[in-house]
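Engineer: input_6.cif is the file, holding mmCIF, C-alpha atoms:
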```
data_input
#
loop_
_atom_site.label_atom_id
_atom_site.label_comp_id
_atom_site.auth_asym_id
_atom_site.auth_seq_id
_atom_site.Cartn_x
_atom_site.Cartn_y
_atom_site.Cartn_z
CA MET A 3 -5.18 4.43 14.87
CA MET A 4 -1.87 4.22 13.10
CA ILE A 5 0.04 7.42 12.48
CA LEU A 6 3.02 7.49 10.19
CA LYS A 7 5.67 9.53 11.91
CA ARG A 8 7.17 10.84 8.70
CA MET A 9 6.90 10.33 4.99
CA ALA A 10 9.86 12.29 3.69
CA SER A 11 10.38 9.00 1.90
CA PRO A 12 7.72 6.30 2.26
CA LEU A 13 10.31 3.63 1.49
CA SER A 14 12.56 1.69 3.77
CA ILE A 15 14.86 0.91 0.83
CA PRO A 16 17.33 3.68 -0.09
CA ASN A 17 16.03 5.67 -3.04
CA ILE A 18 19.41 5.54 -4.76
CA CYS A 19 18.87 1.87 -5.54
CA PHE A 20 15.54 2.63 -7.21
CA GLN A 21 17.08 5.45 -9.22
CA SER A 22 19.92 3.19 -10.34
CA ALA A 23 17.43 0.52 -11.22
CA ARG A 24 15.52 2.83 -13.51
CA ARG A 25 18.72 3.56 -15.41
CA ALA A 26 19.75 -0.07 -15.67
CA THR A 27 19.52 -1.75 -19.06
CA LEU A 28 18.54 -5.40 -19.19
CA PRO A 29 18.37 -7.64 -22.23
CA GLN A 30 14.64 -8.23 -21.84
CA ARG A 31 13.55 -4.71 -20.94
CA ALA A 32 14.54 -1.08 -20.50
CA TYR A 33 14.23 -0.96 -16.71
CA SER A 34 14.19 -3.00 -13.55
CA SER A 35 11.76 -1.37 -11.21
CA ILE A 36 12.41 -2.50 -7.67
CA ASN A 37 16.10 -3.43 -7.48
CA CYS A 38 19.13 -3.00 -9.67
CA ASN A 39 20.27 -6.60 -9.14
CA THR A 40 17.20 -8.52 -10.27
CA GLN A 41 14.65 -8.33 -13.07
CA TYR A 42 12.01 -10.40 -11.25
CA ASN A 43 9.73 -8.12 -9.22
CA ILE A 44 6.23 -8.33 -7.79
CA CYS A 45 4.23 -6.03 -5.52
CA PHE A 46 1.15 -6.97 -3.50
CA VAL A 47 -1.46 -4.43 -2.37
CA ARG A 48 -4.56 -5.25 -0.36
CA HIS A 49 -7.62 -3.20 -1.36
CA GLY A 50 -8.71 -0.05 0.47
CA GLN A 51 -11.46 0.12 3.08
CA SER A 52 -14.83 -1.18 1.89
CA THR A 53 -18.20 -0.57 3.49
CA TRP A 54 -18.10 -3.89 5.33
CA ASN A 55 -14.50 -3.35 6.47
CA ARG A 56 -15.77 -0.14 8.02
CA ASP A 57 -18.70 -1.97 9.63
CA ASN A 58 -16.48 -4.86 10.87
CA ARG A 59 -18.44 -7.53 8.97
CA PHE A 60 -17.31 -10.75 7.28
CA ILE A 61 -17.24 -10.07 3.53
CA GLY A 62 -16.01 -13.02 1.46
CA TRP A 63 -17.28 -12.88 -2.14
CA THR A 64 -19.85 -10.16 -1.35
CA ASP A 65 -19.19 -7.23 -3.69
CA THR A 66 -18.93 -4.35 -1.23
CA PRO A 67 -17.72 -1.01 -2.64
CA LEU A 68 -14.91 1.19 -1.35
CA THR A 69 -15.80 3.89 1.15
CA GLU A 70 -14.55 7.44 0.69
CA ASP A 71 -11.75 6.54 3.10
CA GLY A 72 -11.00 3.47 1.01
CA VAL A 73 -10.58 5.66 -2.07
CA LEU A 74 -8.10 7.81 -0.16
CA GLU A 75 -6.22 4.73 1.09
CA ALA A 76 -5.89 3.47 -2.48
CA ARG A 77 -4.64 6.86 -3.70
CA VAL A 78 -2.05 7.02 -0.92
CA ALA A 79 -0.88 3.52 -1.92
CA GLY A 80 -0.50 4.80 -5.47
CA GLN A 81 1.51 7.77 -4.24
CA MET A 82 3.83 5.46 -2.29
CA LEU A 83 4.45 3.43 -5.43
CA GLN A 84 4.85 6.56 -7.56
CA SER A 85 7.45 7.92 -5.13
CA SER A 86 9.33 4.60 -5.17
CA GLY A 87 10.02 4.82 -8.90
CA ILE A 88 8.55 1.41 -9.66
CA LYS A 89 7.05 0.78 -13.09
CA PHE A 90 4.60 -2.05 -13.71
CA ASP A 91 4.01 -4.08 -16.86
CA GLU A 92 0.76 -5.76 -15.79
CA ALA A 93 -1.80 -5.65 -12.99
CA HIS A 94 -3.77 -8.61 -11.65
CA THR A 95 -6.83 -8.50 -9.45
CA SER A 96 -10.11 -10.23 -8.54
CA LEU A 97 -13.64 -9.87 -9.93
CA LEU A 98 -14.70 -7.80 -6.91
CA ARG A 99 -15.03 -4.04 -7.26
CA ARG A 100 -13.23 -3.13 -4.03
CA CYS A 101 -10.09 -4.61 -5.59
CA ILE A 102 -10.74 -3.43 -9.14
CA ARG A 103 -11.29 0.14 -8.05
CA THR A 104 -8.26 0.07 -5.77
CA ALA A 105 -6.14 -1.14 -8.68
CA ASN A 106 -7.52 1.59 -10.95
CA LEU A 107 -6.88 4.31 -8.36
CA VAL A 108 -3.34 3.09 -7.68
CA LEU A 109 -2.49 3.08 -11.39
CA MET A 110 -4.11 6.49 -11.92
CA GLU A 111 -1.93 8.00 -9.20
CA MET A 112 1.08 6.44 -10.93
CA GLY A 113 0.03 7.53 -14.42
CA GLN A 114 0.03 3.88 -15.51
CA GLU A 115 -3.61 3.32 -16.43
CA TYR A 116 -2.44 2.07 -19.81
CA ILE A 117 -1.01 -1.25 -18.59
CA PRO A 118 -3.08 -4.43 -19.00
CA MET A 119 -5.23 -5.42 -16.01
CA ASN A 120 -6.25 -9.05 -15.65
CA LYS A 121 -9.28 -9.95 -13.49
CA HIS A 122 -10.03 -13.47 -12.35
CA TRP A 123 -12.22 -15.19 -9.78
CA ARG A 124 -9.27 -17.26 -8.58
CA LEU A 125 -7.98 -14.05 -6.98
CA ASN A 126 -11.28 -13.46 -5.14
CA GLU A 127 -11.32 -13.33 -1.35
CA ARG A 128 -11.88 -16.65 0.40
CA SER A 129 -15.48 -17.64 1.00
CA TYR A 130 -16.46 -17.05 4.62
CA GLY A 131 -19.48 -19.32 4.27
CA ASP A 132 -22.33 -18.69 6.69
CA LEU A 133 -20.31 -16.03 8.52
CA VAL A 134 -20.78 -13.60 5.62
CA GLY A 135 -22.57 -10.48 6.76
CA LEU A 136 -22.06 -11.12 10.48
CA ASN A 137 -20.31 -8.61 12.73
CA LYS A 138 -16.87 -9.97 13.63
CA LYS A 139 -16.80 -8.81 17.24
CA GLU A 140 -20.30 -10.11 17.88
CA THR A 141 -19.17 -13.44 16.42
CA VAL A 142 -16.23 -13.45 18.86
CA ASN A 143 -18.69 -12.86 21.72
CA GLN A 144 -20.78 -15.80 20.51
CA PHE A 145 -18.11 -18.39 19.60
CA GLY A 146 -14.98 -17.18 21.39
CA LYS A 147 -11.73 -15.60 20.21
CA ASP A 148 -9.89 -18.88 19.53
CA GLN A 149 -12.63 -20.31 17.32
CA VAL A 150 -13.03 -17.12 15.29
CA LYS A 151 -9.27 -16.81 14.84
CA ARG A 152 -9.12 -20.38 13.52
CA TRP A 153 -11.91 -19.59 11.07
CA ARG A 154 -10.17 -16.41 9.95
CA ARG A 155 -6.47 -17.31 9.99
CA SER A 156 -5.84 -21.07 10.27
CA TYR A 157 -4.76 -23.13 7.29
CA ASP A 158 -7.34 -25.89 7.08
CA GLU A 159 -10.41 -25.03 9.19
CA PRO A 160 -13.18 -23.49 7.06
CA PRO A 161 -16.12 -21.57 8.54
CA PRO A 162 -19.60 -23.16 8.52
CA PRO A 163 -20.86 -23.57 4.92
CA MET A 164 -23.13 -20.94 3.43
CA ARG A 165 -26.81 -21.84 3.27
CA PRO A 166 -28.22 -22.06 -0.27
CA ASP A 167 -30.80 -19.39 0.63
CA HIS A 168 -28.25 -17.01 2.13
CA ASP A 169 -29.00 -13.38 1.25
CA HIS A 170 -25.48 -12.88 -0.12
CA HIS A 171 -24.94 -16.16 -1.93
CA PRO A 172 -22.71 -15.57 -5.01
CA LYS A 173 -24.95 -17.75 -7.21
CA VAL A 174 -27.31 -14.78 -7.66
CA ASP A 175 -24.46 -12.63 -9.01
CA PRO A 176 -24.40 -12.60 -12.84
CA ARG A 177 -20.61 -12.52 -13.01
CA TYR A 178 -20.57 -16.15 -11.81
CA ARG A 179 -23.40 -17.42 -14.04
CA LEU A 180 -21.03 -19.60 -16.11
CA MET A 181 -19.28 -21.18 -13.12
CA LEU A 182 -22.07 -22.00 -10.67
CA ASP A 183 -20.60 -25.43 -9.95
CA GLU A 184 -17.28 -23.86 -8.87
CA ILE A 185 -18.69 -21.40 -6.34
CA PRO A 186 -17.46 -22.50 -2.90
CA CYS A 187 -19.90 -22.79 0.01
CA SER A 188 -17.01 -22.10 2.41
CA GLU A 189 -13.22 -22.07 2.16
CA SER A 190 -10.23 -22.57 4.39
CA LEU A 191 -6.94 -20.96 3.46
CA LYS A 192 -5.93 -24.36 2.10
CA CYS A 193 -8.87 -24.22 -0.34
CA THR A 194 -8.04 -20.65 -1.29
CA ARG A 195 -4.40 -21.56 -1.87
CA ALA A 196 -5.41 -24.39 -4.19
CA ARG A 197 -7.21 -22.02 -6.57
CA SER A 198 -4.67 -19.19 -6.29
CA LYS A 199 -1.91 -21.72 -7.08
CA ILE A 200 -3.51 -22.38 -10.45
CA TYR A 201 -3.47 -18.67 -11.26
CA TRP A 202 0.11 -18.30 -10.03
CA ASP A 203 1.36 -21.26 -12.08
CA ASP A 204 -0.58 -20.44 -15.26
CA VAL A 205 -0.41 -16.64 -15.31
CA ILE A 206 1.78 -14.91 -12.72
CA ALA A 207 4.87 -17.13 -12.81
CA PRO A 208 5.21 -17.10 -16.62
CA ALA A 209 4.85 -13.31 -16.64
CA LEU A 210 7.54 -12.94 -13.97
CA ARG A 211 9.90 -15.28 -15.81
CA SER A 212 9.51 -13.18 -18.94
CA GLY A 213 10.89 -10.20 -17.01
CA LYS A 214 7.62 -8.40 -16.31
CA THR A 215 7.10 -6.43 -13.10
CA LEU A 216 3.67 -7.24 -11.68
CA LEU A 217 1.15 -5.51 -9.43
CA VAL A 218 -1.28 -7.82 -7.64
CA VAL A 219 -4.17 -6.03 -5.93
CA GLY A 220 -6.02 -8.52 -3.80
CA HIS A 221 -7.84 -9.51 -0.66
CA GLU A 222 -6.22 -10.37 2.63
CA ASN A 223 -6.68 -14.13 2.55
CA ASN A 224 -5.98 -14.61 -1.13
CA LEU A 225 -2.79 -12.57 -0.72
CA ARG A 226 -1.94 -14.61 2.37
CA SER A 227 -2.21 -17.77 0.27
CA LEU A 228 0.13 -16.37 -2.39
CA ILE A 229 2.63 -15.06 0.16
CA MET A 230 2.50 -18.34 2.09
CA ARG A 231 3.69 -20.13 -1.00
CA LEU A 232 6.23 -17.48 -1.97
CA GLU A 233 7.80 -17.32 1.49
CA GLY A 234 7.46 -21.02 2.30
CA ILE A 235 5.43 -20.34 5.46
CA SER A 236 4.24 -23.52 7.18
CA PRO A 237 0.56 -24.39 7.75
CA GLU A 238 1.23 -24.12 11.50
CA ASP A 239 2.70 -20.60 11.28
CA ILE A 240 0.35 -19.03 8.75
CA ILE A 241 -2.25 -18.38 11.46
CA ASN A 242 0.04 -15.58 12.69
CA LEU A 243 0.15 -13.67 9.38
CA SER A 244 -2.22 -10.75 8.83
CA LEU A 245 -1.97 -8.05 6.15
CA PRO A 246 -2.91 -4.36 6.34
CA ARG A 247 -5.00 -2.54 3.77
CA ALA A 248 -3.43 -0.45 1.02
CA ILE A 249 0.22 -0.70 2.07
CA PRO A 250 2.32 -1.98 -0.86
CA LEU A 251 4.51 -5.02 -0.13
CA ALA A 252 7.35 -5.24 -2.67
CA TYR A 253 9.39 -8.35 -3.43
CA ARG A 254 12.63 -8.83 -5.34
CA LEU A 255 12.90 -12.39 -6.62
CA ASP A 256 15.67 -14.59 -7.98
CA LYS A 257 15.45 -16.54 -11.23
CA ASP A 258 13.63 -19.35 -9.41
CA LEU A 259 11.04 -16.82 -8.19
CA LYS A 260 12.19 -17.09 -4.58
CA PRO A 261 12.39 -13.91 -2.45
CA LEU A 262 15.74 -12.20 -2.25
CA PRO A 263 16.73 -10.87 1.19
CA ARG A 264 15.67 -7.39 2.20
CA MET A 265 18.25 -4.65 1.99
CA ASP A 266 18.75 -4.84 5.76
CA GLY A 267 19.18 -8.61 5.61
CA LYS A 268 16.36 -9.16 8.12
CA LEU A 269 12.75 -10.27 8.08
CA ASP A 270 10.18 -7.49 8.34
CA GLU A 271 9.59 -6.20 11.87
CA ALA A 272 5.82 -5.85 11.36
CA THR A 273 5.09 -9.58 11.10
CA GLY A 274 8.51 -11.13 11.68
CA MET A 275 7.83 -13.50 8.78
CA LEU A 276 8.43 -11.73 5.47
CA GLN A 277 11.36 -10.91 3.20
CA GLY A 278 9.29 -8.35 1.30
CA THR A 279 9.53 -4.61 1.93
CA TRP A 280 6.55 -2.59 3.21
CA LEU A 281 6.64 0.73 1.37
CA GLY A 282 4.89 2.38 4.33
CA GLY A 283 7.54 1.18 6.78
CA ASP A 284 7.52 -1.72 9.23
CA ASP A 285 6.53 0.40 12.23
CA ALA A 286 3.46 1.76 10.43
CA VAL A 287 2.30 -1.72 9.42
CA GLN A 288 2.83 -3.11 12.91
CA GLU A 289 0.63 -0.43 14.46
CA ILE A 290 -2.10 -1.01 11.89
CA LEU A 291 -2.10 -4.74 12.55
CA GLU A 292 -2.33 -4.16 16.30
CA ARG A 293 -5.32 -1.89 15.75
CA ASP A 294 -6.99 -4.46 13.46
CA GLU A 295 -6.48 -7.17 16.09
CA LYS A 296 -8.27 -5.04 18.68
CA GLN A 297 -11.06 -4.21 16.25
CA VAL A 298 -11.97 -7.89 15.93
CA TYR A 299 -10.90 -9.67 19.10
CA ASP A 300 -10.84 -7.17 21.99
CA THR A 301 -14.40 -7.37 23.26
CA SER A 302 -13.67 -4.80 25.97
CA ILE A 303 -13.54 -2.13 23.23
CA VAL A 304 -17.05 -1.22 22.12
CA GLN A 305 -16.00 1.63 19.82
CA ASN A 306 -15.68 0.84 16.13
CA LEU A 307 -12.02 1.66 15.47
CA GLU A 308 -12.72 2.16 11.76
CA LYS A 309 -14.71 5.27 12.64
CA GLY A 310 -14.33 8.30 14.88
CA SER A 311 -12.21 11.40 15.32
CA ASP A 312 -8.89 9.80 14.34
CA ARG A 313 -10.33 8.74 10.99
CA ASP A 314 -11.72 12.24 10.39
CA LYS A 315 -8.33 13.78 11.18
CA TRP A 316 -6.61 11.37 8.81
CA ARG A 317 -9.10 12.11 6.02
CA ARG A 318 -8.64 15.88 6.31
CA TRP A 319 -4.88 15.58 6.16
CA THR A 320 -4.93 13.15 3.23
CA GLU A 321 -7.29 15.30 1.18
CA MET A 322 -5.02 18.27 1.78
CA ALA A 323 -1.94 16.27 0.80
CA ILE A 324 -3.16 14.62 -2.41
CA GLY A 325 -6.22 16.72 -3.23
CA GLU A 326 -9.90 15.87 -3.39
CA PRO A 327 -11.10 14.06 -6.51
CA GLU A 328 -12.92 16.14 -9.10
CA ASP A 329 -15.96 13.92 -8.79
CA GLU A 330 -17.14 11.21 -6.43
CA SER A 331 -16.06 8.34 -8.65
CA PHE A 332 -12.58 9.82 -9.31
CA GLU A 333 -12.95 8.92 -12.96
CA ALA A 334 -11.72 12.19 -14.39
CA HIS A 335 -8.87 11.05 -16.59
CA SER A 336 -7.60 14.60 -16.89
CA ARG A 337 -6.23 14.13 -13.36
CA SER A 338 -4.53 10.84 -14.07
CA HIS A 339 -1.14 12.35 -14.89
CA VAL A 340 -1.16 15.02 -12.17
CA HIS A 341 1.09 13.44 -9.54
CA ARG A 342 1.13 15.36 -6.28
CA ASN A 343 4.29 14.43 -4.42
CA LEU A 344 3.40 13.66 -0.83
CA ASN A 345 6.92 14.58 0.21
CA ASN A 346 6.39 18.20 -0.85
CA ASN A 347 3.21 18.56 1.17
CA ILE A 348 4.05 16.89 4.44
CA ASN A 349 6.75 18.80 6.29
CA GLY A 350 6.49 16.40 9.18
CA ALA A 351 2.66 16.24 9.36
CA PRO A 352 1.30 12.98 10.79
CA VAL A 353 -0.19 10.55 8.32
CA SER A 354 -2.40 7.59 8.97
CA SER A 355 -1.43 4.65 6.79
CA GLU A 356 -4.44 2.65 7.94
#
```
Let me see whether you can do it: turn the structure in this file into structure tokens.

Structural biologist:
Amino acid sequence: MMILKRMASPLSIPNICFQSARRATLPQRAYSSINCNTQYNICFVRHGQSTWNRDNRFIGWTDTPLTEDGVLEARVAGQMLQSSGIKFDEAHTSLLRRCIRTANLVLMEMGQEYIPMNKHWRLNERSYGDLVGLNKKETVNQFGKDQVKRWRRSYDEPPPPMRPDHDHHPKVDPRYRLMLDEIPCSESLKCTRARSKIYWDDVIAPALRSGKTLLVVGHENNLRSLIMRLEGISPEDIINLSLPRAIPLAYRLDKDLKPLPRMDGKLDEATGMLQGTWLGGDDAVQEILERDEKQVYDTSIVQNLEKGSDRDKWRRWTEMAIGEPEDESFEAHSRSHVHRNLNNNINGAPVSSE
């Protein structure tokens, strides 16, 4: 269970740069959100906990909803972004509700529900084929850690293809009724990258070049495919990259849409691979990723690490810090511009960023 030591500022970039950026005047726009030296900015956020994340099951294109904890994770992500001073022009996400709702919750916490949100199947999670619905740790017990890790994280080894009569086959979902021939039976990261590349080239890159600051709320493997391209990570090294849920990863880009160095001039300490900045801090992300590794691969641990007393403690603190939603769906728009500042509520209290 990851505990944030302190959130007096959830950023590892000095706030003064963000404040200066907001005052900067650029020819194309009235602000530059992430850094005062560049107008090309993008932020990636993985969705909050869904029901199958909680249950440690392979999800793929299955449309699992957020849990109550997932709603809180998304709201905390929104508070991190709100505290950073960033302003978005557009949001981009998949056709799956765990991402769509995360994006809505993030923007509601920021008071930016008004910006356009684009949804597309090319930003869907990778297809996990016949693994969909299976418990990950039980699959490790059956096939071994190395095989499961190759299925989950390698570049070009897809899982076994999904049977046509699979209970969770996307062809029965009406949102895909006009693209049945394009539904994958199984995907490697290489396959996922091929479809996300089309969306990047046709939609994201032109928007960035026009000076827009973008929020991309996605799934772990689709975001890995985008970040792989952005960072120039090799097919051999990408197996070592994992991403946490609901921790914003902010990039400053040059005019060629290549990452600018972090303010500290180093790669992130959480993965050792990225030039982006984790708004929850590198230490927090590293602890989350270590926990997630144990949740899937450490067969000596029988407890589900997505549940238990640590999660309950985190939920109670988070609800106290940002307030409980007025209703279960958190659709009360009257709350959308009420921004509770986490910094004013914390006073050193421990926070789980997981």

Engineer: Take the PyMOL selection byres ((chain A and resi 48) around 9), run it mentally on this structure, and tell me the resulting residues as an mmCIF file with C-alpha atoms, in the coordinates of the input.

Structural biologist:
```cif
data_model
loop_
_atom_site.group_PDB
_atom_site.id
_atom_site.type_symbol
_atom_site.label_atom_id
_atom_site.label_comp_id
_atom_site.auth_asym_id
_atom_site.auth_seq_id
_atom_site.Cartn_x
_atom_site.Cartn_y
_atom_site.Cartn_z
ATOM 1 C CA PHE A 46 1.150 -6.970 -3.500
ATOM 2 C CA VAL A 47 -1.460 -4.430 -2.370
ATOM 3 C CA HIS A 49 -7.620 -3.200 -1.360
ATOM 4 C CA GLY A 50 -8.710 -0.050 0.470
ATOM 5 C CA CYS A 101 -10.090 -4.610 -5.590
ATOM 6 C CA THR A 104 -8.260 0.070 -5.770
ATOM 7 C CA VAL A 218 -1.280 -7.820 -7.640
ATOM 8 C CA VAL A 219 -4.170 -6.030 -5.930
ATOM 9 C CA GLY A 220 -6.020 -8.520 -3.800
ATOM 10 C CA HIS A 221 -7.840 -9.510 -0.660
ATOM 11 C CA GLU A 222 -6.220 -10.370 2.630
ATOM 12 C CA LEU A 225 -2.790 -12.570 -0.720
ATOM 13 C CA LEU A 245 -1.970 -8.050 6.150
ATOM 14 C CA PRO A 246 -2.910 -4.360 6.340
ATOM 15 C CA ARG A 247 -5.000 -2.540 3.770
ATOM 16 C CA ALA A 248 -3.430 -0.450 1.020
ATOM 17 C CA ILE A 249 0.220 -0.700 2.070
ATOM 18 C CA PRO A 250 2.320 -1.980 -0.860
#
```

Engineer: Once the PyMOL selection byres ((chain A and resi 142) around 12) has been applied to the shown file, what residues remain in the selection, as a PyMOL selection string?

Structural biologist: chain A and resi 58-60+133+136-141+143-154+295-302

Engineer: Take CA of Asn224 (chain A) and CA of Arg124 (chain A) and report the distance between them in Å, one decimal.

Structural biologist: 8.6 Å

Engineer: Evaluating the PyMOL selection byres ((chain A and resi 54) around 10) on the displayed file yields which residues, as a VMD selection string?

Structural biologist: chain A and resid 51 to 53 55 to 61 64 to 69 135 to 137

Engineer: Suppose you want the space between CA of Ile185 (chain A) and CA of His170 (chain A); what is it in Å?

Structural biologist: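 These two atoms are separated by 12.5 Å.
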
Engineer: When you look at region 272-282 of chain A with a cut-off of 6 Å (counting all atoms listed in the file), what residues show up, excluding the ones that are within fewer than 3 positions of it in the same chain? I need them as number ranges by chain.

Structural biologist: A: 12-13, 250-253, 263-264, 269, 287-288

Engineer: Find the residue from A:Leu191, A:Ile235, A:Ala76, A:Leu180 that sits nearest to Glu127 (chain A); use only C-alpha atoms when measuring.

Structural biologist: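 Of A:Leu191, A:Ile235, A:Ala76, A:Leu180, the one nearest Glu127 (chain A), counting only C-alpha atoms, is A:Leu191.
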
Engineer: Just the residues within 7 Å of Met112 (chain A), please, counting all atoms listed in the file, with nothing from its chain fewer than 6 positions along; format it as a PyMOL selection string.

Structural biologist: chain A and resi 80-81+84

Engineer: Please provide the set of residues having any atom within 12 Å of region 200-205 of chain A, restricted to all atoms listed in the file, with same-chain residues fewer than 6 positions apart removed, written as a list in words.

Structural biologist: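 Here the answer would be Ile44, Glu92, Ala93, His94, Thr95, Ser96, Asn120, Lys121, His122, Trp123, Arg124, Leu125, Asn126, Cys193, Thr194, Arg211, Ser212, Lys214, Leu216, Val218, Asn224, Leu225, Ser227, Leu228, Ile229, Arg231, Leu232 and Leu259 of chain A.
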
Engineer: Can you take the partial region 98-118 of chain A, add N, CA and C atoms, and return it as a PDB file, keeping the file's coordinate frame?

Structural biologist:
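Written file, part.pdb:
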```
ATOM      1  N   LEU A  98     -13.943  -8.588  -7.874  1.00  0.00           N
ATOM      2  CA  LEU A  98     -14.700  -7.800  -6.910  1.00  0.00           C
ATOM      3  C   LEU A  98     -14.288  -6.335  -6.968  1.00  0.00           C
ATOM      4  N   ARG A  99     -15.287  -5.448  -6.940  1.00  0.00           N
ATOM      5  CA  ARG A  99     -15.030  -4.040  -7.260  1.00  0.00           C
ATOM      6  C   ARG A  99     -14.160  -3.331  -6.228  1.00  0.00           C
ATOM      7  N   ARG A 100     -14.117  -3.802  -4.981  1.00  0.00           N
ATOM      8  CA  ARG A 100     -13.230  -3.130  -4.030  1.00  0.00           C
ATOM      9  C   ARG A 100     -11.771  -3.280  -4.442  1.00  0.00           C
ATOM     10  N   CYS A 101     -11.454  -4.415  -5.076  1.00  0.00           N
ATOM     11  CA  CYS A 101     -10.090  -4.610  -5.590  1.00  0.00           C
ATOM     12  C   CYS A 101      -9.890  -3.917  -6.936  1.00  0.00           C
ATOM     13  N   ILE A 102     -10.875  -4.035  -7.805  1.00  0.00           N
ATOM     14  CA  ILE A 102     -10.740  -3.430  -9.140  1.00  0.00           C
ATOM     15  C   ILE A 102     -10.574  -1.925  -9.028  1.00  0.00           C
ATOM     16  N   ARG A 103     -11.389  -1.310  -8.178  1.00  0.00           N
ATOM     17  CA  ARG A 103     -11.290   0.140  -8.050  1.00  0.00           C
ATOM     18  C   ARG A 103      -9.988   0.555  -7.372  1.00  0.00           C
ATOM     19  N   THR A 104      -9.552  -0.223  -6.383  1.00  0.00           N
ATOM     20  CA  THR A 104      -8.260   0.070  -5.770  1.00  0.00           C
ATOM     21  C   THR A 104      -7.150   0.019  -6.809  1.00  0.00           C
ATOM     22  N   ALA A 105      -7.160  -1.016  -7.642  1.00  0.00           N
ATOM     23  CA  ALA A 105      -6.140  -1.140  -8.680  1.00  0.00           C
ATOM     24  C   ALA A 105      -6.190   0.052  -9.642  1.00  0.00           C
ATOM     25  N   ASN A 106      -7.389   0.445 -10.053  1.00  0.00           N
ATOM     26  CA  ASN A 106      -7.520   1.590 -10.950  1.00  0.00           C
ATOM     27  C   ASN A 106      -6.980   2.870 -10.309  1.00  0.00           C
ATOM     28  N   LEU A 107      -7.322   3.098  -9.044  1.00  0.00           N
ATOM     29  CA  LEU A 107      -6.880   4.310  -8.360  1.00  0.00           C
ATOM     30  C   LEU A 107      -5.364   4.329  -8.183  1.00  0.00           C
ATOM     31  N   VAL A 108      -4.790   3.181  -7.818  1.00  0.00           N
ATOM     32  CA  VAL A 108      -3.340   3.090  -7.680  1.00  0.00           C
ATOM     33  C   VAL A 108      -2.656   3.440  -8.999  1.00  0.00           C
ATOM     34  N   LEU A 109      -3.125   2.843 -10.088  1.00  0.00           N
ATOM     35  CA  LEU A 109      -2.490   3.080 -11.390  1.00  0.00           C
ATOM     36  C   LEU A 109      -2.720   4.508 -11.875  1.00  0.00           C
ATOM     37  N   MET A 110      -3.862   5.098 -11.542  1.00  0.00           N
ATOM     38  CA  MET A 110      -4.110   6.490 -11.920  1.00  0.00           C
ATOM     39  C   MET A 110      -3.145   7.427 -11.203  1.00  0.00           C
ATOM     40  N   GLU A 111      -2.891   7.163  -9.936  1.00  0.00           N
ATOM     41  CA  GLU A 111      -1.930   8.000  -9.200  1.00  0.00           C
ATOM     42  C   GLU A 111      -0.532   7.860  -9.785  1.00  0.00           C
ATOM     43  N   MET A 112      -0.233   6.696 -10.351  1.00  0.00           N
ATOM     44  CA  MET A 112       1.080   6.440 -10.930  1.00  0.00           C
ATOM     45  C   MET A 112       1.169   6.864 -12.398  1.00  0.00           C
ATOM     46  N   GLY A 113       0.033   7.232 -12.997  1.00  0.00           N
ATOM     47  CA  GLY A 113       0.030   7.530 -14.420  1.00  0.00           C
ATOM     48  C   GLY A 113       0.240   6.297 -15.271  1.00  0.00           C
ATOM     49  N   GLN A 114      -0.191   5.123 -14.785  1.00  0.00           N
ATOM     50  CA  GLN A 114       0.030   3.880 -15.510  1.00  0.00           C
ATOM     51  C   GLN A 114      -1.281   3.161 -15.834  1.00  0.00           C
ATOM     52  N   GLU A 115      -2.321   3.939 -16.087  1.00  0.00           N
ATOM     53  CA  GLU A 115      -3.610   3.320 -16.430  1.00  0.00           C
ATOM     54  C   GLU A 115      -3.557   2.492 -17.698  1.00  0.00           C
ATOM     55  N   TYR A 116      -2.526   2.703 -18.502  1.00  0.00           N
ATOM     56  CA  TYR A 116      -2.440   2.070 -19.810  1.00  0.00           C
ATOM     57  C   TYR A 116      -2.025   0.597 -19.744  1.00  0.00           C
ATOM     58  N   ILE A 117      -1.503   0.126 -18.614  1.00  0.00           N
ATOM     59  CA  ILE A 117      -1.010  -1.250 -18.590  1.00  0.00           C
ATOM     60  C   ILE A 117      -2.188  -2.234 -18.549  1.00  0.00           C
ATOM     61  N   PRO A 118      -2.003  -3.439 -19.048  1.00  0.00           N
ATOM     62  CA  PRO A 118      -3.080  -4.430 -19.000  1.00  0.00           C
ATOM     63  C   PRO A 118      -3.451  -4.785 -17.556  1.00  0.00           C
TER      64      PRO A 118
END
```
